[in-house]
Amino acid sequence: MAFELPDLPYAHDALADIGMCRETLEYHHDLHHKAYVDNGNKLVSGTEWAGKGLEEIVVGTYQADAVAQNGIFNNISQLWNHNQFWEMMGPGQSSMPSELESALKESFGSVETFKERFVAAGVGQFGSGWCWLVSDTDGALKVTKTENGVNPLCFGQTALLGCDVWEHSYYIDFRNRRPAYLENFLENLVNWENVASRL
C-alpha cells in the first residue's frame, strides 16, 4: 500500500498570525512533503521494504556511518519527520500540561533552560537538519540535533518535539534568522498537548 500525503491538521493560513504564513505551508507541505511521499513510494516499490511501515523502513535503512544516506532512508525518514512536525504545531496559544512541565523541570532544571537548549541545538545544527526533545532509551528527556532527515527513531529514542531547520521551513517568514524562527516556534507554534501525549 502506497504512502499518502496526510492533510494538514489545520488550514494553510491558520498559523499565519503566529509566524508561519500560508505560502510557507504551501511550499513546505504541498511541495516538499509531497515530494518525500512521491519519491519514497517510487524508491520503495519492488524492494524488500514494500508494504512495510514508515518506522520499520526508517530503522531498517539507516546507516550511521554513511556520508550520504540512501534514497529510501532520506525520503521515508523525511516523510515520517514531517508527519510528526505538523501535528506538533497548532493555531492558538497552547498551554503546557503540568505533567510535561514537571518532566522538563526534572530533566533540565526549568522550562526556560529546556527552551534555551532546544534553540541552541537548532541554531548549532550546521546546514539542514532537525532539533528534538526526545525520551531516551533510559526514559530521560534530552535535547538532540540530527543532520538532514535523521531522526530519533534511528537511536531507539521517542520523539516528543521536533523542529525542522531546513531553510524551506523558515526562509519565507524569517529569512536567515534561524534563532528567531526557533524562538517563535517554541513560544507560538508548539502544540504542547501533543508533545505531552508522546511522553
# chains A, B, ... in the order shown; residues from 1 in each chain; ligands from 1

$ residues_around --residues "region 172-188 of chain A" --least-positions-apart "4" --cutoff "7 Å" --atoms "only C-alpha atoms" --output "list in words"
Ile18, Gly19, Met20, Cys21, Thr24, Gln93, Val119 and Val123 of chain A

$ write_last_selection --atoms "C-alpha atoms" --output "PDB file, in the first residue's frame"
ATOM      1  CA  ILE A  18       1.891  33.434  14.730  1.00  0.00           C
ATOM      2  CA  GLY A  19       4.887  33.036  12.448  1.00  0.00           C
ATOM      3  CA  MET A  20       4.210  30.550   9.645  1.00  0.00           C
ATOM      4  CA  CYS A  21       2.404  32.015   6.642  1.00  0.00           C
ATOM      5  CA  THR A  24       5.375  28.612   3.759  1.00  0.00           C
ATOM      6  CA  GLN A  93      -1.854  29.534  22.330  1.00  0.00           C
ATOM      7  CA  VAL A 119      17.107  26.730  20.396  1.00  0.00           C
ATOM      8  CA  VAL A 123      20.999  27.021  15.734  1.00  0.00           C
TER       9      VAL A 123
END

$ residues_around --residues "Glu87 (chain A)" --least-positions-apart "3" --cutoff "9 Å" --atoms "only C-alpha atoms" --output "JSON, numbers by chain"
{"A": [8, 9, 82, 83, 84, 90, 190, 191, 194]}

$ atom_distance --atom1 "CA of Trp86 (chain A)" --atom2 "CA of Glu106 (chain A)"
27.1 Å

$ residues_around --residues "Arg117 (chain A)" --least-positions-apart "4" --cutoff "8 Å" --atoms "only C-alpha atoms" --output "ChimeraX atom specification"
/A:113,121,143

$ write_last_selection --atoms "C-alpha atoms" --output "short mmCIF file (atom, residue, chain, number, x, y, z; two decimals), in the first residue's frame"
data_model
loop_
_atom_site.label_atom_id
_atom_site.label_comp_id
_atom_site.auth_asym_id
_atom_site.auth_seq_id
_atom_site.Cartn_x
_atom_site.Cartn_y
_atom_site.Cartn_z
CA THR A 113 16.57 26.08 30.32
CA ALA A 121 20.61 22.75 19.24
CA VAL A 143 17.62 17.75 23.60
#

$ select_by_dssp --residues "region 30-71 of chain A" --states "helix (DSSP H, G or I)" --output "number ranges by chain"
A: 30-44, 54-61, 71

$ write_last_selection --atoms "N, CA and C atoms" --output "PDB file, in the first residue's frame"
ATOM      1  N   ASP A  30       2.745  21.157   0.783  1.00  0.00           N
ATOM      2  CA  ASP A  30       2.181  20.745  -0.512  1.00  0.00           C
ATOM      3  C   ASP A  30       3.251  20.358  -1.539  1.00  0.00           C
ATOM      4  N   LEU A  31       4.454  20.904  -1.415  1.00  0.00           N
ATOM      5  CA  LEU A  31       5.514  20.598  -2.378  1.00  0.00           C
ATOM      6  C   LEU A  31       6.620  19.730  -1.773  1.00  0.00           C
ATOM      7  N   HIS A  32       7.275  20.214  -0.711  1.00  0.00           N
ATOM      8  CA  HIS A  32       8.391  19.464  -0.140  1.00  0.00           C
ATOM      9  C   HIS A  32       7.932  18.138   0.475  1.00  0.00           C
ATOM     10  N   HIS A  33       6.938  18.192   1.343  1.00  0.00           N
ATOM     11  CA  HIS A  33       6.453  16.973   1.985  1.00  0.00           C
ATOM     12  C   HIS A  33       5.909  16.003   0.932  1.00  0.00           C
ATOM     13  N   LYS A  34       5.172  16.518  -0.029  1.00  0.00           N
ATOM     14  CA  LYS A  34       4.618  15.670  -1.087  1.00  0.00           C
ATOM     15  C   LYS A  34       5.737  14.993  -1.895  1.00  0.00           C
ATOM     16  N   ALA A  35       6.831  15.713  -2.113  1.00  0.00           N
ATOM     17  CA  ALA A  35       7.952  15.127  -2.851  1.00  0.00           C
ATOM     18  C   ALA A  35       8.543  13.936  -2.103  1.00  0.00           C
ATOM     19  N   TYR A  36       8.617  14.027  -0.755  1.00  0.00           N
ATOM     20  CA  TYR A  36       9.115  12.891   0.024  1.00  0.00           C
ATOM     21  C   TYR A  36       8.177  11.694  -0.124  1.00  0.00           C
ATOM     22  N   VAL A  37       6.866  11.956  -0.137  1.00  0.00           N
ATOM     23  CA  VAL A  37       5.885  10.883  -0.314  1.00  0.00           C
ATOM     24  C   VAL A  37       6.054  10.236  -1.691  1.00  0.00           C
ATOM     25  N   ASP A  38       6.070  11.064  -2.723  1.00  0.00           N
ATOM     26  CA  ASP A  38       6.145  10.550  -4.094  1.00  0.00           C
ATOM     27  C   ASP A  38       7.452   9.802  -4.344  1.00  0.00           C
ATOM     28  N   ASN A  39       8.568  10.409  -3.949  1.00  0.00           N
ATOM     29  CA  ASN A  39       9.871   9.775  -4.161  1.00  0.00           C
ATOM     30  C   ASN A  39      10.020   8.513  -3.315  1.00  0.00           C
ATOM     31  N   GLY A  40       9.533   8.590  -2.078  1.00  0.00           N
ATOM     32  CA  GLY A  40       9.607   7.418  -1.207  1.00  0.00           C
ATOM     33  C   GLY A  40       8.843   6.243  -1.787  1.00  0.00           C
ATOM     34  N   ASN A  41       7.646   6.492  -2.291  1.00  0.00           N
ATOM     35  CA  ASN A  41       6.847   5.426  -2.892  1.00  0.00           C
ATOM     36  C   ASN A  41       7.558   4.806  -4.087  1.00  0.00           C
ATOM     37  N   LYS A  42       8.146   5.646  -4.929  1.00  0.00           N
ATOM     38  CA  LYS A  42       8.856   5.131  -6.107  1.00  0.00           C
ATOM     39  C   LYS A  42      10.061   4.279  -5.709  1.00  0.00           C
ATOM     40  N   LEU A  43      10.814   4.754  -4.736  1.00  0.00           N
ATOM     41  CA  LEU A  43      12.039   4.060  -4.337  1.00  0.00           C
ATOM     42  C   LEU A  43      11.759   2.750  -3.596  1.00  0.00           C
ATOM     43  N   VAL A  44      10.685   2.718  -2.823  1.00  0.00           N
ATOM     44  CA  VAL A  44      10.344   1.523  -2.043  1.00  0.00           C
ATOM     45  C   VAL A  44       9.721   0.438  -2.922  1.00  0.00           C
ATOM     46  N   LEU A  54       6.363   3.000   7.975  1.00  0.00           N
ATOM     47  CA  LEU A  54       7.375   4.050   7.940  1.00  0.00           C
ATOM     48  C   LEU A  54       8.485   3.818   8.956  1.00  0.00           C
ATOM     49  N   GLU A  55       8.124   3.551  10.200  1.00  0.00           N
ATOM     50  CA  GLU A  55       9.133   3.426  11.248  1.00  0.00           C
ATOM     51  C   GLU A  55      10.060   2.239  10.990  1.00  0.00           C
ATOM     52  N   GLU A  56       9.500   1.134  10.504  1.00  0.00           N
ATOM     53  CA  GLU A  56      10.323  -0.035  10.203  1.00  0.00           C
ATOM     54  C   GLU A  56      11.316   0.276   9.086  1.00  0.00           C
ATOM     55  N   ILE A  57      10.870   1.025   8.089  1.00  0.00           N
ATOM     56  CA  ILE A  57      11.763   1.377   6.978  1.00  0.00           C
ATOM     57  C   ILE A  57      12.862   2.333   7.447  1.00  0.00           C
ATOM     58  N   VAL A  58      12.490   3.320   8.251  1.00  0.00           N
ATOM     59  CA  VAL A  58      13.484   4.273   8.754  1.00  0.00           C
ATOM     60  C   VAL A  58      14.587   3.539   9.509  1.00  0.00           C
ATOM     61  N   VAL A  59      14.199   2.704  10.459  1.00  0.00           N
ATOM     62  CA  VAL A  59      15.181   1.996  11.278  1.00  0.00           C
ATOM     63  C   VAL A  59      15.980   1.010  10.429  1.00  0.00           C
ATOM     64  N   GLY A  60      15.327   0.339   9.501  1.00  0.00           N
ATOM     65  CA  GLY A  60      15.981  -0.685   8.709  1.00  0.00           C
ATOM     66  C   GLY A  60      16.933  -0.178   7.651  1.00  0.00           C
ATOM     67  N   THR A  61      16.742   1.064   7.223  1.00  0.00           N
ATOM     68  CA  THR A  61      17.600   1.603   6.154  1.00  0.00           C
ATOM     69  C   THR A  61      18.612   2.629   6.652  1.00  0.00           C
ATOM     70  N   GLY A  71      18.706   6.717  -0.720  1.00  0.00           N
ATOM     71  CA  GLY A  71      17.499   7.424  -1.141  1.00  0.00           C
ATOM     72  C   GLY A  71      16.246   7.006  -0.409  1.00  0.00           C
TER      73      GLY A  71
END

$ closest_atom_pairs --of "region 105-158 of chain A" --to "region 72-79 of chain A" --cutoff "8 Å" --atoms "only C-alpha atoms" --output "tab-separated table"
residue	atom	partner	partner_atom	distance
A:Asn148	CA	A:Asn74	CA	7.9
A:Gly149	CA	A:Gln78	CA	5.1
A:Val150	CA	A:Ser77	CA	6.6
A:Asn151	CA	A:Ser77	CA	7.1

$ write_last_selection --atoms "all heavy atoms" --output "PDB file, in the first residue's frame"
ATOM      1  N   ASN A 148      20.269  16.414   8.235  1.00  0.00           N
ATOM      2  CA  ASN A 148      19.407  16.034   7.117  1.00  0.00           C
ATOM      3  C   ASN A 148      18.086  15.448   7.618  1.00  0.00           C
ATOM      4  O   ASN A 148      17.368  16.079   8.352  1.00  0.00           O
ATOM      5  CB  ASN A 148      20.152  15.113   6.173  1.00  0.00           C
ATOM      6  CG  ASN A 148      21.388  15.778   5.597  1.00  0.00           C
ATOM      7  OD1 ASN A 148      21.362  16.958   5.263  1.00  0.00           O
ATOM      8  ND2 ASN A 148      22.483  15.046   5.501  1.00  0.00           N
ATOM      9  N   GLY A 149      17.756  14.188   7.234  1.00  0.00           N
ATOM     10  CA  GLY A 149      16.491  13.605   7.639  1.00  0.00           C
ATOM     11  C   GLY A 149      16.583  12.654   8.806  1.00  0.00           C
ATOM     12  O   GLY A 149      15.593  12.042   9.196  1.00  0.00           O
ATOM     13  N   VAL A 150      17.766  12.500   9.387  1.00  0.00           N
ATOM     14  CA  VAL A 150      17.945  11.574  10.513  1.00  0.00           C
ATOM     15  C   VAL A 150      17.028  11.998  11.666  1.00  0.00           C
ATOM     16  O   VAL A 150      16.851  13.190  11.930  1.00  0.00           O
ATOM     17  CB  VAL A 150      19.420  11.541  10.964  1.00  0.00           C
ATOM     18  CG1 VAL A 150      19.598  10.625  12.168  1.00  0.00           C
ATOM     19  CG2 VAL A 150      20.311  11.085   9.813  1.00  0.00           C
ATOM     20  N   ASN A 151      16.438  11.005  12.321  1.00  0.00           N
ATOM     21  CA  ASN A 151      15.508  11.327  13.406  1.00  0.00           C
ATOM     22  C   ASN A 151      15.729  10.412  14.612  1.00  0.00           C
ATOM     23  O   ASN A 151      16.540   9.474  14.551  1.00  0.00           O
ATOM     24  CB  ASN A 151      14.065  11.267  12.901  1.00  0.00           C
ATOM     25  CG  ASN A 151      13.645   9.871  12.492  1.00  0.00           C
ATOM     26  OD1 ASN A 151      13.887   8.898  13.194  1.00  0.00           O
ATOM     27  ND2 ASN A 151      12.990   9.763  11.347  1.00  0.00           N
TER      28      ASN A 151
END

$ closest_residue --among "A:Leu161, A:Asp136, A:Ser94, A:Tyr170" --to "Phe114 (chain A)" --atoms "only C-alpha atoms"
A:Leu161

$ atom_distance --atom1 "CA of Ala159 (chain A)" --atom2 "CA of Val134 (chain A)"
4.7 Å

$ select_by_dssp --residues "chain A" --states "strand (DSSP E)" --output "JSON, numbers by chain"
{"A": [129, 130, 131, 132, 133, 134, 135, 141, 142, 143, 144, 145, 146, 147, 158, 159, 160, 161, 162, 163, 164]}

$ decode --residues "region 44-111 of chain A" --atoms "C-alpha atoms" --output "mmCIF file, in the first residue's frame"
data_model
loop_
_atom_site.group_PDB
_atom_site.id
_atom_site.type_symbol
_atom_site.label_atom_id
_atom_site.label_comp_id
_atom_site.auth_asym_id
_atom_site.auth_seq_id
_atom_site.Cartn_x
_atom_site.Cartn_y
_atom_site.Cartn_z
ATOM 1 C CA VAL A 44 10.344 1.523 -2.043
ATOM 2 C CA SER A 45 8.287 -0.088 -4.808
ATOM 3 C CA GLY A 46 9.608 -3.523 -5.757
ATOM 4 C CA THR A 47 12.059 -3.694 -2.839
ATOM 5 C CA GLU A 48 12.061 -5.654 0.404
ATOM 6 C CA TRP A 49 10.584 -2.561 2.062
ATOM 7 C CA ALA A 50 7.380 -2.535 0.020
ATOM 8 C CA GLY A 51 4.412 -2.963 2.354
ATOM 9 C CA LYS A 52 6.423 -2.099 5.472
ATOM 10 C CA GLY A 53 5.555 0.734 7.842
ATOM 11 C CA LEU A 54 7.375 4.050 7.940
ATOM 12 C CA GLU A 55 9.133 3.426 11.248
ATOM 13 C CA GLU A 56 10.323 -0.035 10.203
ATOM 14 C CA ILE A 57 11.763 1.377 6.978
ATOM 15 C CA VAL A 58 13.484 4.273 8.754
ATOM 16 C CA VAL A 59 15.181 1.996 11.278
ATOM 17 C CA GLY A 60 15.981 -0.685 8.709
ATOM 18 C CA THR A 61 17.600 1.603 6.154
ATOM 19 C CA TYR A 62 19.529 3.918 8.489
ATOM 20 C CA GLN A 63 23.298 3.754 8.028
ATOM 21 C CA ALA A 64 25.041 5.521 10.877
ATOM 22 C CA ASP A 65 28.425 5.863 9.190
ATOM 23 C CA ALA A 66 27.184 6.749 5.702
ATOM 24 C CA VAL A 67 28.349 10.108 4.351
ATOM 25 C CA ALA A 68 25.087 10.393 2.432
ATOM 26 C CA GLN A 69 22.109 8.268 3.440
ATOM 27 C CA ASN A 70 20.473 6.095 0.795
ATOM 28 C CA GLY A 71 17.499 7.424 -1.141
ATOM 29 C CA ILE A 72 14.912 5.248 0.567
ATOM 30 C CA PHE A 73 16.046 6.370 4.015
ATOM 31 C CA ASN A 74 16.252 10.044 3.075
ATOM 32 C CA ASN A 75 12.725 10.212 1.690
ATOM 33 C CA ILE A 76 10.950 7.897 4.125
ATOM 34 C CA SER A 77 12.635 9.467 7.146
ATOM 35 C CA GLN A 78 11.683 12.950 5.991
ATOM 36 C CA LEU A 79 8.146 11.730 5.323
ATOM 37 C CA TRP A 80 7.943 10.467 8.917
ATOM 38 C CA ASN A 81 9.548 13.644 10.284
ATOM 39 C CA HIS A 82 7.034 15.880 8.564
ATOM 40 C CA ASN A 83 4.054 13.746 9.557
ATOM 41 C CA GLN A 84 5.089 14.450 13.165
ATOM 42 C CA PHE A 85 6.043 18.103 12.598
ATOM 43 C CA TRP A 86 2.585 19.273 11.507
ATOM 44 C CA GLU A 87 0.960 17.541 14.480
ATOM 45 C CA MET A 88 3.438 19.118 16.894
ATOM 46 C CA MET A 89 2.149 22.575 15.930
ATOM 47 C CA GLY A 90 -1.224 24.218 16.067
ATOM 48 C CA PRO A 91 -3.047 27.534 15.956
ATOM 49 C CA GLY A 92 -3.802 29.468 19.109
ATOM 50 C CA GLN A 93 -1.854 29.534 22.330
ATOM 51 C CA SER A 94 -1.317 26.061 23.716
ATOM 52 C CA SER A 95 -0.732 25.790 27.443
ATOM 53 C CA MET A 96 1.819 23.278 28.648
ATOM 54 C CA PRO A 97 0.247 20.371 30.567
ATOM 55 C CA SER A 98 1.517 20.054 34.119
ATOM 56 C CA GLU A 99 2.994 16.579 33.603
ATOM 57 C CA LEU A 100 5.154 17.845 30.742
ATOM 58 C CA GLU A 101 6.191 20.933 32.689
ATOM 59 C CA SER A 102 7.220 18.758 35.634
ATOM 60 C CA ALA A 103 9.180 16.395 33.390
ATOM 61 C CA LEU A 104 11.039 19.300 31.770
ATOM 62 C CA LYS A 105 11.884 20.818 35.145
ATOM 63 C CA GLU A 106 13.131 17.481 36.417
ATOM 64 C CA SER A 107 15.334 16.926 33.365
ATOM 65 C CA PHE A 108 16.575 20.461 32.661
ATOM 66 C CA GLY A 109 16.058 22.402 35.877
ATOM 67 C CA SER A 110 13.476 24.707 34.311
ATOM 68 C CA VAL A 111 11.297 25.069 31.248
#
